[in-house]
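Engineer: Contents of structure_34.cif (mmCIF, C-alpha atoms) are given next:
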data_target
#
loop_
_atom_site.label_atom_id
_atom_site.label_comp_id
_atom_site.auth_asym_id
_atom_site.auth_seq_id
_atom_site.Cartn_x
_atom_site.Cartn_y
_atom_site.Cartn_z
CA MET Y 150 35.99 -6.42 -19.26
CA GLN Y 151 32.81 -4.44 -18.56
CA ASP Y 152 33.36 -1.12 -16.78
CA THR Y 153 31.46 -1.14 -13.48
CA SER Y 154 33.10 1.92 -11.94
CA GLU Y 155 29.87 3.92 -12.21
CA ARG Y 156 27.78 1.29 -10.48
CA PRO Y 157 26.68 2.18 -6.92
CA GLN Y 158 28.93 1.11 -4.07
CA THR Y 159 26.13 1.30 -1.49
CA PHE Y 160 22.43 2.06 -1.40
CA VAL Y 161 19.40 2.01 0.90
CA CYS Y 162 16.31 -0.10 0.17
CA HIS Y 163 14.03 -1.11 3.03
CA ASN Y 164 11.72 -3.25 0.87
CA GLY Y 165 8.95 -3.81 3.38
CA GLU Y 166 8.09 -3.01 6.97
CA LYS Y 167 10.00 -3.76 10.13
CA VAL Y 168 8.88 -7.10 11.58
CA ARG Y 169 8.26 -7.75 15.23
CA LEU Y 170 11.53 -8.85 16.80
CA PRO Y 171 11.69 -11.19 19.80
CA PHE Y 172 12.89 -8.31 21.99
CA SER Y 173 11.55 -4.81 22.61
CA HIS Y 174 13.11 -1.50 21.58
CA ASP Y 175 13.84 -0.90 25.26
CA GLU Y 176 15.82 -4.15 25.39
CA PHE Y 177 17.94 -3.17 22.38
CA GLY Y 178 18.37 0.25 23.95
CA ARG Y 179 19.69 -1.39 27.12
CA ARG Y 180 22.21 -3.40 25.12
CA MET Y 181 23.41 -0.37 23.18
CA ALA Y 182 23.79 1.61 26.39
CA ASN Y 183 26.01 -1.17 27.75
CA LEU Y 184 28.10 -1.16 24.58
CA ARG Y 185 28.53 2.60 24.70
CA ALA Y 186 29.57 2.37 28.33
CA ILE Y 187 32.28 -0.06 27.21
CA MET Y 188 33.33 2.43 24.53
CA THR Y 189 33.63 5.16 27.15
CA ARG Y 190 35.69 2.98 29.50
CA GLN Y 191 38.06 1.98 26.72
CA ASP Y 192 38.17 5.45 25.14
CA VAL Y 193 36.86 4.24 21.78
CA PRO Y 194 34.81 6.68 19.66
CA VAL Y 195 33.61 4.08 17.14
CA VAL Y 196 33.17 0.31 17.13
CA LEU Y 197 33.01 -2.07 14.18
CA LEU Y 198 31.31 -5.34 15.14
CA THR Y 199 31.78 -8.19 12.66
CA SER Y 200 30.78 -11.44 14.40
CA MET Y 201 27.41 -13.13 14.00
CA HIS Y 202 26.74 -13.14 17.74
CA ASN Y 203 27.55 -9.52 18.50
CA ILE Y 204 25.78 -8.17 15.42
CA ALA Y 205 22.73 -10.28 16.30
CA TYR Y 206 22.86 -9.29 19.96
CA PHE Y 207 23.15 -5.55 19.43
CA SER Y 208 21.22 -5.08 16.15
CA GLY Y 209 18.78 -8.01 16.11
CA PHE Y 210 19.93 -9.35 12.72
CA LEU Y 211 21.62 -12.74 12.43
CA TYR Y 212 23.51 -12.82 9.15
CA CYS Y 213 24.40 -15.66 6.77
CA SER Y 214 27.89 -14.82 5.54
CA PHE Y 215 28.61 -17.22 2.69
CA GLY Y 216 32.04 -15.60 2.46
CA ARG Y 217 30.87 -11.98 2.59
CA PRO Y 218 31.67 -9.61 5.48
CA TYR Y 219 28.97 -7.97 7.61
CA GLY Y 220 29.34 -5.13 10.03
CA PHE Y 221 27.63 -3.01 12.65
CA VAL Y 222 29.16 0.44 13.07
CA VAL Y 223 28.42 2.06 16.44
CA THR Y 224 29.34 5.52 17.68
CA HIS Y 225 28.12 7.32 20.78
CA ASP Y 226 25.32 8.91 18.73
CA SER Y 227 24.52 6.50 15.90
CA CYS Y 228 24.55 2.92 14.68
CA MET Y 229 24.26 1.32 11.26
CA LEU Y 230 24.04 -2.25 10.02
CA LEU Y 231 26.08 -2.98 6.87
CA SER Y 232 24.86 -5.92 4.79
CA ALA Y 233 25.46 -7.53 1.40
CA ASN Y 234 23.10 -6.92 -1.52
CA ILE Y 235 22.41 -10.66 -1.75
CA ASP Y 236 20.21 -10.33 1.39
CA GLY Y 237 17.89 -7.70 -0.09
CA GLY Y 238 15.82 -5.88 2.51
CA GLN Y 239 15.90 -8.68 5.08
CA PRO Y 240 18.60 -7.06 7.28
CA TRP Y 241 16.58 -3.86 7.61
CA ARG Y 242 13.31 -5.69 8.26
CA ARG Y 243 14.84 -7.87 10.98
CA SER Y 244 16.92 -5.34 12.85
CA ALA Y 245 16.36 -2.59 15.38
CA CYS Y 246 18.49 -0.06 13.49
CA GLY Y 247 19.22 1.45 10.08
CA ASN Y 248 20.76 -0.51 7.24
CA ILE Y 249 23.16 0.25 4.39
CA ILE Y 250 23.48 -2.31 1.58
CA TYR Y 251 26.84 -2.68 -0.13
CA THR Y 252 27.14 -4.10 -3.66
CA ASP Y 253 29.48 -6.56 -5.36
CA TRP Y 254 30.29 -4.29 -8.31
CA ARG Y 255 33.72 -3.51 -6.86
CA ARG Y 256 35.81 -5.54 -4.50
CA ASP Y 257 36.00 -4.09 -0.95
CA ASN Y 258 32.77 -2.10 -1.17
CA PHE Y 259 32.12 -3.33 2.36
CA TRP Y 260 35.15 -1.40 3.58
CA ARG Y 261 34.12 1.67 1.60
CA ALA Y 262 30.76 1.47 3.38
CA VAL Y 263 32.49 1.24 6.77
CA ALA Y 264 34.68 4.26 5.95
CA GLU Y 265 31.62 6.21 4.82
CA GLN Y 266 29.80 5.54 8.06
CA ILE Y 267 32.77 6.59 10.15
CA HIS Y 268 33.15 9.77 8.10
CA ASP Y 269 29.42 10.56 8.29
CA ALA Y 270 29.62 10.19 12.08
CA GLY Y 271 32.05 13.10 12.12
CA LEU Y 272 35.09 10.97 12.95
CA ALA Y 273 38.05 11.90 10.81
CA GLN Y 274 39.52 9.13 8.70
CA GLY Y 275 43.03 8.31 9.83
CA ALA Y 276 42.52 9.50 13.40
CA GLY Y 277 41.63 7.92 16.69
CA ARG Y 278 40.85 4.44 17.92
CA LEU Y 279 38.59 1.78 16.44
CA GLY Y 280 36.94 -0.88 18.58
CA ILE Y 281 37.06 -4.33 17.00
CA GLU Y 282 36.49 -7.96 17.98
CA GLY Y 283 39.96 -9.41 18.36
CA ASP Y 284 38.62 -12.97 18.46
CA HIS Y 285 36.83 -12.54 15.12
CA LEU Y 286 38.70 -10.06 12.93
CA THR Y 287 40.98 -12.10 10.67
CA LEU Y 288 44.44 -10.96 9.65
CA SER Y 289 43.21 -10.09 6.16
CA MET Y 290 40.26 -8.14 7.57
CA ARG Y 291 42.63 -6.32 9.93
CA ASP Y 292 44.78 -5.30 6.98
CA LYS Y 293 41.71 -4.03 5.12
CA ALA Y 294 40.66 -1.97 8.15
CA ILE Y 295 44.08 -0.35 8.29
CA GLU Y 296 44.08 0.29 4.54
CA PHE Y 297 40.59 1.78 4.22
CA LEU Y 298 40.23 3.49 7.59
CA GLY Y 299 43.51 5.37 7.73
CA GLU Y 300 45.54 3.19 10.10
CA PRO Y 301 43.43 3.55 13.26
CA GLU Y 302 44.61 2.09 16.53
CA LEU Y 303 42.66 -1.17 16.89
CA VAL Y 304 41.21 -1.78 20.36
CA ASP Y 305 39.79 -5.18 21.29
CA ILE Y 306 36.35 -4.76 22.86
CA ALA Y 307 35.32 -8.44 22.47
CA PRO Y 308 36.00 -9.52 26.08
CA ALA Y 309 33.96 -6.64 27.50
CA ALA Y 310 31.13 -7.24 25.01
CA MET Y 311 31.08 -10.92 25.98
CA ALA Y 312 30.89 -10.02 29.67
CA SER Y 313 27.92 -7.75 28.99
CA ARG Y 314 26.11 -10.60 27.20
CA MET Y 315 26.59 -12.98 30.14
CA HIS Y 316 24.00 -11.12 32.26
CA LYS Y 317 20.58 -11.93 30.80
CA SER Y 318 17.70 -9.47 30.94
CA SER Y 319 14.19 -10.50 31.92
CA GLU Y 320 13.26 -10.62 28.21
CA GLU Y 321 16.19 -12.88 27.45
CA ARG Y 322 15.38 -15.17 30.34
CA ALA Y 323 11.77 -15.45 29.13
CA LEU Y 324 12.96 -16.53 25.67
CA ILE Y 325 15.43 -19.02 27.15
CA ARG Y 326 12.63 -20.52 29.25
CA GLU Y 327 10.64 -21.08 26.07
CA GLY Y 328 13.67 -22.70 24.48
CA ALA Y 329 14.05 -25.10 27.41
CA ARG Y 330 10.34 -25.98 27.21
CA ILE Y 331 10.61 -26.67 23.48
CA ALA Y 332 13.75 -28.77 24.01
CA ASP Y 333 11.70 -30.95 26.37
CA ILE Y 334 9.13 -31.41 23.58
CA GLY Y 335 11.89 -32.49 21.24
CA GLY Y 336 13.20 -34.90 23.85
CA ALA Y 337 9.80 -36.55 24.19
CA ALA Y 338 9.53 -37.00 20.42
CA ILE Y 339 13.02 -38.49 20.31
CA ARG Y 340 12.31 -40.96 23.09
CA GLU Y 341 9.04 -41.97 21.40
CA ALA Y 342 10.89 -42.71 18.12
CA ILE Y 343 13.51 -45.02 19.66
CA ARG Y 344 13.22 -48.71 18.80
CA PRO Y 345 15.47 -51.44 17.40
CA GLY Y 346 16.23 -51.14 13.69
CA VAL Y 347 15.56 -47.40 13.44
CA ARG Y 348 18.41 -45.24 12.15
CA GLU Y 349 19.93 -42.43 14.19
CA ILE Y 350 18.84 -39.94 11.51
CA ASP Y 351 15.19 -41.07 11.73
CA VAL Y 352 15.14 -40.48 15.49
CA ALA Y 353 16.86 -37.12 15.06
CA MET Y 354 14.35 -35.94 12.46
CA ALA Y 355 11.44 -36.77 14.76
CA GLY Y 356 12.87 -34.54 17.47
CA ARG Y 357 13.81 -31.74 15.12
CA ASP Y 358 10.39 -31.67 13.44
CA ALA Y 359 8.59 -31.55 16.81
CA MET Y 360 10.70 -28.60 17.97
CA GLU Y 361 10.42 -26.63 14.73
CA LEU Y 362 6.64 -27.01 14.71
CA GLU Y 363 6.45 -25.74 18.29
CA ILE Y 364 8.78 -22.81 17.53
CA ALA Y 365 6.61 -21.89 14.53
CA ASP Y 366 3.47 -21.89 16.68
CA THR Y 367 5.05 -20.03 19.60
CA PHE Y 368 7.06 -17.46 17.60
CA PRO Y 369 5.05 -16.83 14.39
CA ASN Y 370 7.14 -13.75 13.53
CA GLY Y 371 10.48 -15.45 14.06
CA GLU Y 372 12.99 -16.98 11.71
CA LEU Y 373 13.01 -20.77 11.49
CA ARG Y 374 16.58 -21.95 11.10
CA ASP Y 375 19.34 -23.98 12.70
CA THR Y 376 17.25 -26.10 15.11
CA TRP Y 377 18.88 -29.52 15.19
CA VAL Y 378 19.26 -32.85 16.98
CA TRP Y 379 22.36 -34.95 17.58
CA PHE Y 380 21.12 -38.43 18.42
CA GLN Y 381 23.97 -40.88 19.02
CA SER Y 382 24.07 -44.62 19.66
CA GLY Y 383 26.64 -47.17 20.70
CA PHE Y 384 30.24 -46.05 20.13
CA ASN Y 385 28.91 -42.83 18.53
CA THR Y 386 28.06 -41.61 22.05
CA ASP Y 387 31.75 -41.00 22.80
CA GLY Y 388 31.68 -37.37 21.60
CA ALA Y 389 29.25 -34.70 22.72
CA HIS Y 390 29.21 -33.12 19.25
CA ASN Y 391 29.27 -36.22 17.07
CA PRO Y 392 27.04 -35.83 14.01
CA VAL Y 393 24.04 -38.02 13.29
CA THR Y 394 24.68 -41.14 11.20
CA THR Y 395 22.59 -43.84 9.50
CA ARG Y 396 23.60 -46.45 12.10
CA ARG Y 397 20.62 -48.61 13.07
CA LEU Y 398 19.77 -49.03 16.75
CA LYS Y 399 19.93 -52.42 18.37
CA ALA Y 400 19.16 -53.83 21.79
CA GLY Y 401 22.01 -53.21 24.20
CA ASP Y 402 22.85 -49.75 22.79
CA LEU Y 403 23.81 -46.87 25.01
CA LEU Y 404 22.06 -43.80 23.61
CA SER Y 405 22.58 -40.06 23.81
CA LEU Y 406 19.72 -37.64 23.19
CA ASN Y 407 20.75 -34.06 22.29
CA ALA Y 408 18.01 -31.59 21.30
CA PHE Y 409 18.83 -27.99 20.33
CA PRO Y 410 15.99 -25.60 19.51
CA MET Y 411 17.17 -22.28 18.04
CA ILE Y 412 15.00 -19.19 18.51
CA SER Y 413 16.21 -15.96 16.87
CA GLY Y 414 19.84 -16.95 17.33
CA TYR Y 415 19.34 -18.11 20.93
CA TYR Y 416 20.45 -21.64 21.75
CA THR Y 417 19.01 -23.95 24.36
CA ALA Y 418 19.72 -27.63 24.89
CA LEU Y 419 18.50 -30.87 26.39
CA GLU Y 420 20.90 -33.82 26.68
CA ARG Y 421 20.13 -37.19 28.20
CA THR Y 422 21.61 -40.68 28.48
CA LEU Y 423 19.26 -43.55 27.56
CA PHE Y 424 19.62 -47.29 27.06
CA LEU Y 425 17.83 -49.60 24.64
CA GLY Y 426 17.01 -52.74 26.58
CA GLU Y 427 18.34 -53.79 29.96
CA PRO Y 428 21.76 -52.27 30.77
CA ASP Y 429 24.58 -54.41 32.08
CA ALA Y 430 25.97 -53.85 35.58
CA ALA Y 431 28.99 -51.76 34.50
CA THR Y 432 26.85 -49.49 32.34
CA LEU Y 433 24.33 -49.01 35.12
CA GLU Y 434 27.06 -48.19 37.65
CA LEU Y 435 28.66 -45.56 35.38
CA TRP Y 436 25.31 -44.06 34.46
CA LYS Y 437 24.30 -43.73 38.11
CA ALA Y 438 27.65 -42.17 38.98
CA ASN Y 439 27.23 -39.53 36.27
CA VAL Y 440 23.68 -38.84 37.45
CA ALA Y 441 24.99 -38.38 41.00
CA ALA Y 442 27.60 -35.92 39.72
CA HIS Y 443 24.85 -34.10 37.82
CA GLU Y 444 22.73 -33.78 40.94
CA LEU Y 445 25.71 -32.58 42.98
CA GLY Y 446 26.45 -30.02 40.28
CA LEU Y 447 22.86 -28.78 40.27
CA SER Y 448 23.11 -28.18 44.02
CA LEU Y 449 26.28 -26.10 43.57
CA ILE Y 450 24.82 -23.54 41.14
CA ARG Y 451 24.09 -20.44 43.23
CA PRO Y 452 25.11 -16.78 43.44
CA GLY Y 453 28.59 -16.31 44.84
CA ALA Y 454 29.88 -19.68 43.65
CA THR Y 455 32.74 -19.57 41.16
CA CYS Y 456 33.13 -21.58 37.99
CA SER Y 457 36.48 -22.98 39.12
CA GLY Y 458 35.14 -23.77 42.60
CA ILE Y 459 32.22 -25.78 41.24
CA THR Y 460 34.58 -27.57 38.87
CA ALA Y 461 36.93 -28.49 41.72
CA GLU Y 462 34.10 -30.06 43.75
CA LEU Y 463 32.91 -32.13 40.80
CA ASN Y 464 36.46 -33.19 40.02
CA ARG Y 465 36.83 -34.42 43.61
CA PHE Y 466 33.57 -36.34 43.31
CA PHE Y 467 34.81 -38.22 40.24
CA GLU Y 468 38.32 -38.67 41.61
CA ASP Y 469 36.97 -40.32 44.76
CA ARG Y 470 35.29 -42.89 42.50
CA ASP Y 471 38.31 -43.33 40.19
CA LEU Y 472 36.30 -41.83 37.33
CA LEU Y 473 38.03 -38.49 36.79
CA ARG Y 474 40.15 -40.06 34.01
CA TYR Y 475 36.90 -40.52 32.04
CA ARG Y 476 35.77 -36.89 32.32
CA SER Y 477 35.28 -35.56 28.81
CA PHE Y 478 35.05 -31.74 29.08
CA GLY Y 479 34.03 -28.91 31.43
CA TYR Y 480 30.82 -29.17 33.42
CA GLY Y 481 28.68 -26.43 31.88
CA HIS Y 482 28.48 -23.15 29.99
CA SER Y 483 26.52 -19.95 29.47
CA PHE Y 484 23.52 -19.51 27.18
CA GLY Y 485 22.29 -16.72 24.92
CA VAL Y 486 23.19 -15.74 21.35
CA LEU Y 487 25.20 -18.81 20.39
CA SER Y 488 25.09 -21.93 18.28
CA HIS Y 489 27.57 -24.61 17.26
CA TYR Y 490 29.32 -22.10 14.98
CA TYR Y 491 29.12 -18.73 16.76
CA GLY Y 492 28.79 -16.97 20.07
CA ARG Y 493 30.60 -18.89 22.82
CA GLU Y 494 30.61 -16.94 26.09
CA ALA Y 495 33.89 -18.42 27.28
CA GLY Y 496 34.00 -16.31 30.44
CA LEU Y 497 31.12 -18.29 31.94
CA GLU Y 498 32.11 -21.93 31.66
CA LEU Y 499 32.55 -24.47 34.43
CA ARG Y 500 36.28 -25.11 34.01
CA GLU Y 501 39.36 -25.13 36.18
CA ASP Y 502 40.79 -21.97 34.59
CA ILE Y 503 37.73 -19.73 34.89
CA ASP Y 504 37.12 -17.91 38.17
CA THR Y 505 33.97 -16.00 37.18
CA GLU Y 506 31.55 -15.58 40.07
CA LEU Y 507 27.95 -16.58 39.42
CA LYS Y 508 25.48 -13.71 39.78
CA PRO Y 509 21.70 -13.36 39.51
CA GLY Y 510 20.63 -13.12 35.89
CA MET Y 511 23.26 -15.49 34.57
CA VAL Y 512 22.12 -18.66 32.79
CA ILE Y 513 24.30 -21.74 32.87
CA SER Y 514 24.11 -25.46 32.22
CA MET Y 515 25.11 -28.41 34.35
CA GLU Y 516 26.30 -31.21 32.05
CA PRO Y 517 28.83 -33.71 33.36
CA MET Y 518 30.03 -36.30 30.85
CA LEU Y 519 31.98 -39.50 31.25
CA TRP Y 520 33.53 -41.12 28.18
CA VAL Y 521 34.62 -44.73 28.65
CA PRO Y 522 36.62 -46.14 25.69
CA GLU Y 523 35.68 -49.28 23.78
CA ASP Y 524 36.87 -52.63 25.19
CA THR Y 525 36.19 -51.28 28.70
CA PRO Y 526 33.17 -52.44 30.74
CA GLY Y 527 30.35 -49.93 30.31
CA ALA Y 528 31.97 -48.38 27.21
CA GLY Y 529 30.35 -45.26 25.77
CA GLY Y 530 29.46 -41.69 26.62
CA TYR Y 531 27.20 -40.69 29.55
CA ARG Y 532 25.82 -37.16 29.67
CA GLU Y 533 23.00 -35.26 31.37
CA HIS Y 534 22.26 -31.57 30.74
CA ASP Y 535 19.97 -29.10 32.52
CA ILE Y 536 19.68 -25.31 32.18
CA LEU Y 537 19.62 -23.14 35.30
CA ILE Y 538 18.83 -19.46 35.82
CA VAL Y 539 20.80 -18.01 38.72
CA ASN Y 540 18.63 -15.91 41.05
CA GLU Y 541 19.03 -14.13 44.37
CA ASP Y 542 18.42 -17.26 46.45
CA GLY Y 543 20.03 -19.99 44.35
CA ALA Y 544 19.11 -21.18 40.91
CA GLU Y 545 15.99 -22.28 39.06
CA ASN Y 546 16.23 -25.40 36.93
CA ILE Y 547 14.12 -24.76 33.81
CA THR Y 548 14.67 -28.22 32.27
CA SER Y 549 11.85 -30.67 33.01
CA PHE Y 550 12.71 -33.79 30.99
CA PRO Y 551 13.49 -36.65 33.40
CA TYR Y 552 16.94 -38.17 33.66
CA GLY Y 553 18.46 -41.39 34.94
CA PRO Y 554 17.88 -45.15 34.62
CA GLU Y 555 14.52 -44.96 36.38
CA THR Y 556 12.93 -43.22 33.37
CA ASN Y 557 15.26 -43.58 30.37
CA ILE Y 558 15.65 -47.31 29.93
CA ILE Y 559 13.72 -48.10 26.72
CA ALA Y 560 12.07 -51.52 26.79
CA VAL Y 561 12.49 -53.81 23.77
#
Have the structure of the file written as C-alpha cells, please.

Structural biologist:
Amino acid sequence: MQDTSERPQTFVCHNGEKVRLPFSHDEFGRRMANLRAIMTRQDVPVVLLTSMHNIAYFSGFLYCSFGRPYGFVVTHDSCMLLSANIDGGQPWRRSACGNIIYTDWRRDNFWRAVAEQIHDAGLAQGAGRLGIEGDHLTLSMRDKAIEFLGEPELVDIAPAAMASRMHKSSEERALIREGARIADIGGAAIREAIRPGVREIDVAMAGRDAMELEIADTFPNGELRDTWVWFQSGFNTDGAHNPVTTRRLKAGDLLSLNAFPMISGYYTALERTLFLGEPDAATLELWKANVAAHELGLSLIRPGATCSGITAELNRFFEDRDLLRYRSFGYGHSFGVLSHYYGREAGLELREDIDTELKPGMVISMEPMLWVPEDTPGAGGYREHDILIVNEDGAENITSFPYGPETNIIAV
C-alpha cells in the first residue's frame, strides 16, 4: 500500500475571486451576530455547524455532500468554512468567510481540520463546551467529535439557530418575493402545457424550464440547481410530495400543480388544484370547500395569531363540513433556507402542537389539503398554496397565480 502519511491533511486555495452573493456582507454580519448571541446565552465558546441549511445560512455556501462531511467552525472572534477537496475553490468563492480544504489522503482529515481550527482559535483541546446541531449530528459523527476534540461537552444549539432563521430580514424577504414571482411564471407554463395525452413529466419540464430561465435572467451570479416541479394527475394527486410519473393525462383528471423555484438555497412554492374537463358535482363541492378553507386561512395570518390557534379554527371549519377526516397534513410552514432534503423550520408550522406566535418579518404558507381515497365520490387530492409575509398590520400575500374552479378548469 502506498504511504500517504506525508500528504497534506488540509490546505488553502482560493482559485478565483469571490462572487457576488445574493446577500450583502451586512446581512451575513447580522446573522453571525445572532449566532454569537446564542453562543453567549448558552455559554458555548465554539460552534461546529454541519447541516446544509445552517452552513448555507451563516456562511453563504450550500454544499453537496456525496457522503463527505462539511463544517463551519464559529467562535466569538472567527469563523471558518471546512470543505472537501473535491469541491476545489467553489466553497471559498461562494461564501462570506474563509475556507480550509481537507483532503482524502487520510481518513478523518475533516476532524483533524476541525481540531486545528479550534486550537488556532485559542480554545484548548479537551476543555469546554462545543455547540452542535443535535438534529443533524449522527451518532458516528458524535463519536468522532468526542475522539478528535478531547471529549467536549456537546451543547445543542439547533433549536435556537432555527428560531433565529424564522425571522426574515428585508434582504431575505426581497429574495422570497422574487421566488414567489418566478413560481407564478412556472405555474403559467404548467397550465399552458396541460392537455389530454401529455405525460406528467412533459408538463413538469415545461414549468421547470420556465422557472430556471427566469432565475438565470434575474440572478446571473447565482447557482442554478434544485428547481423542480411535481405535477400530479388522477390518483397521483393523493400525496403532496408524490414524484412525477409518465402517466398520460386524460379528460376527467383531477390535477395538482406544484412549482418550486430554488434561488441560492431558498425555497418558494406555488401549489394549485386544476381539473381537465368538466368536474363532476362531488369533485366541485370538495374543491370549493378546500378553497373556502384556504381563504379562511389567509384571513387568519396576522401578527399575534398562534400556529395552534390558526390550526384549531381551520380544523373546526372542516369538522363542521364532515371533511376533517380527509385533512392530509398541517396547514402551512415557514420559508427560507430549505428544500425537500434540508432546512425545515419546524418551529413555524401550522399544526396543533406548535404554539409559536406570528410576528412581523416571518414568512409562512397557507396550504390546506384534502385527500379523498379512491372509490369515494370526488376522489383525489385538493391543495392550494400561497406565501404570506407577516407585517405590522396583518400579512401580505405575495402569490399571484389564481386559484379555484373559476380559473383552473382546463377545457378539452

Engineer: Tell me which residues the PyMOL selection byres ((chain Y and resi 283) around 10) grabs here, as an MDAnalysis selection string.

Structural biologist: chainID Y and resid 280:282 284:288 291 303:308

Engineer: Tell me which of Y:Ile459, Y:Ala323, Y:Val440, Y:Leu499 sits closest to Tyr415 in chain Y, counting all atoms listed in the file.

Structural biologist: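 Checking each candidate against Tyr415 in chain Y, we get Y:Ala323 as the closest.
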
Engineer: Can you spell out as a ChimeraX atom specification the set of residues that the PyMOL selection byres ((chain Y and resi 411) around 9) selects in the structure I just provided?

Structural biologist: /Y:328,361,364,373-377,409-410,412-417,488

Engineer: Out of Y:Arg344, Y:Arg242, Y:Arg532, Y:Arg169, which residue has the shortest atom-to-atom distance to Phe368 in chain Y when counting all atoms listed in the file?

Structural biologist: Y:Arg169

Engineer: What do you get, as number ranges by chain, if you spell out every residue that the PyMOL selection byres ((chain Y and resi 442-448) around 12) selects here?

Structural biologist: Y: 420-422, 435-441, 449-452, 454, 456, 458-470, 472-473, 476, 479-481, 499, 513-519, 531-539, 543-548, 552-553

Engineer: What is the distance, in Å and to one decimal place, between CA of Arg179 in chain Y and CA of Ala495 in chain Y?

Structural biologist: 22.2 Å

Engineer: Record the distance separating CA of Arg256 in chain Y and CA of Asp292 in chain Y, expressed in Å with one decimal.

Structural biologist: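 Separation between CA of Arg256 in chain Y and CA of Asp292 in chain Y: 14.6 Å.
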
Engineer: Show me, as a list of chain:residue names, the residues that have an atom within 9 Å of Gly383 in chain Y when counting only C-alpha atoms, minus same-chain residues fewer than 6 positions from it.

Structural biologist: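 So the residues in contact are Y:Leu398, Y:Lys399, Y:Gly401, Y:Asp402, Y:Leu403, Y:Leu404, Y:Ser405, Y:Ala528, Y:Gly529, Y:Gly530.
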
Engineer: Between Y:Glu155, Y:Glu427, Y:Glu300, Y:Asp524, which one has atoms that come closest to Arg278 in chain Y, using all atoms listed in the file?

Structural biologist: Y:Glu300

Engineer: Using all atoms listed in the file, which protein or nucleic acid residues come within 10 Å of Met229 in chain Y? Drop anything in the same chain fewer than 4 positions from it, and give the result as a list in words.

Structural biologist: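 Here the answer would be Leu197, Ser208, Gly220, Phe221, Val222, Val223, Thr224, Trp241, Ala245, Cys246, Gly247, Asn248, Ile249, Val263 and Gln266 of chain Y.
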
Engineer: May I have the residues from that selection written out with C-alpha atoms, as a PDB file, in the frame of the given file?

Structural biologist:
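Result file part-v6.pdb:
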ATOM      1  CA  LEU Y 197      33.010  -2.070  14.180  1.00  0.00           C
ATOM      2  CA  SER Y 208      21.220  -5.080  16.150  1.00  0.00           C
ATOM      3  CA  GLY Y 220      29.340  -5.130  10.030  1.00  0.00           C
ATOM      4  CA  PHE Y 221      27.630  -3.010  12.650  1.00  0.00           C
ATOM      5  CA  VAL Y 222      29.160   0.440  13.070  1.00  0.00           C
ATOM      6  CA  VAL Y 223      28.420   2.060  16.440  1.00  0.00           C
ATOM      7  CA  THR Y 224      29.340   5.520  17.680  1.00  0.00           C
ATOM      8  CA  TRP Y 241      16.580  -3.860   7.610  1.00  0.00           C
ATOM      9  CA  ALA Y 245      16.360  -2.590  15.380  1.00  0.00           C
ATOM     10  CA  CYS Y 246      18.490  -0.060  13.490  1.00  0.00           C
ATOM     11  CA  GLY Y 247      19.220   1.450  10.080  1.00  0.00           C
ATOM     12  CA  ASN Y 248      20.760  -0.510   7.240  1.00  0.00           C
ATOM     13  CA  ILE Y 249      23.160   0.250   4.390  1.00  0.00           C
ATOM     14  CA  VAL Y 263      32.490   1.240   6.770  1.00  0.00           C
ATOM     15  CA  GLN Y 266      29.800   5.540   8.060  1.00  0.00           C
TER      16      GLN Y 266
END

Engineer: Any idea what the distance is between CA of Ala262 in chain Y and CA of Ala186 in chain Y?

Structural biologist: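 According to the coordinates, CA of Ala262 in chain Y and CA of Ala186 in chain Y are separated by 25.0 Å.
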
Engineer: Do you know which residues are at most 8 Å from Met201 in chain Y counting all atoms listed in the file, after dropping those on the same chain fewer than 3 positions away, and could you put them as a VMD selection string?

Structural biologist: chain Y and resid 204 to 205 211 to 212 491 to 492
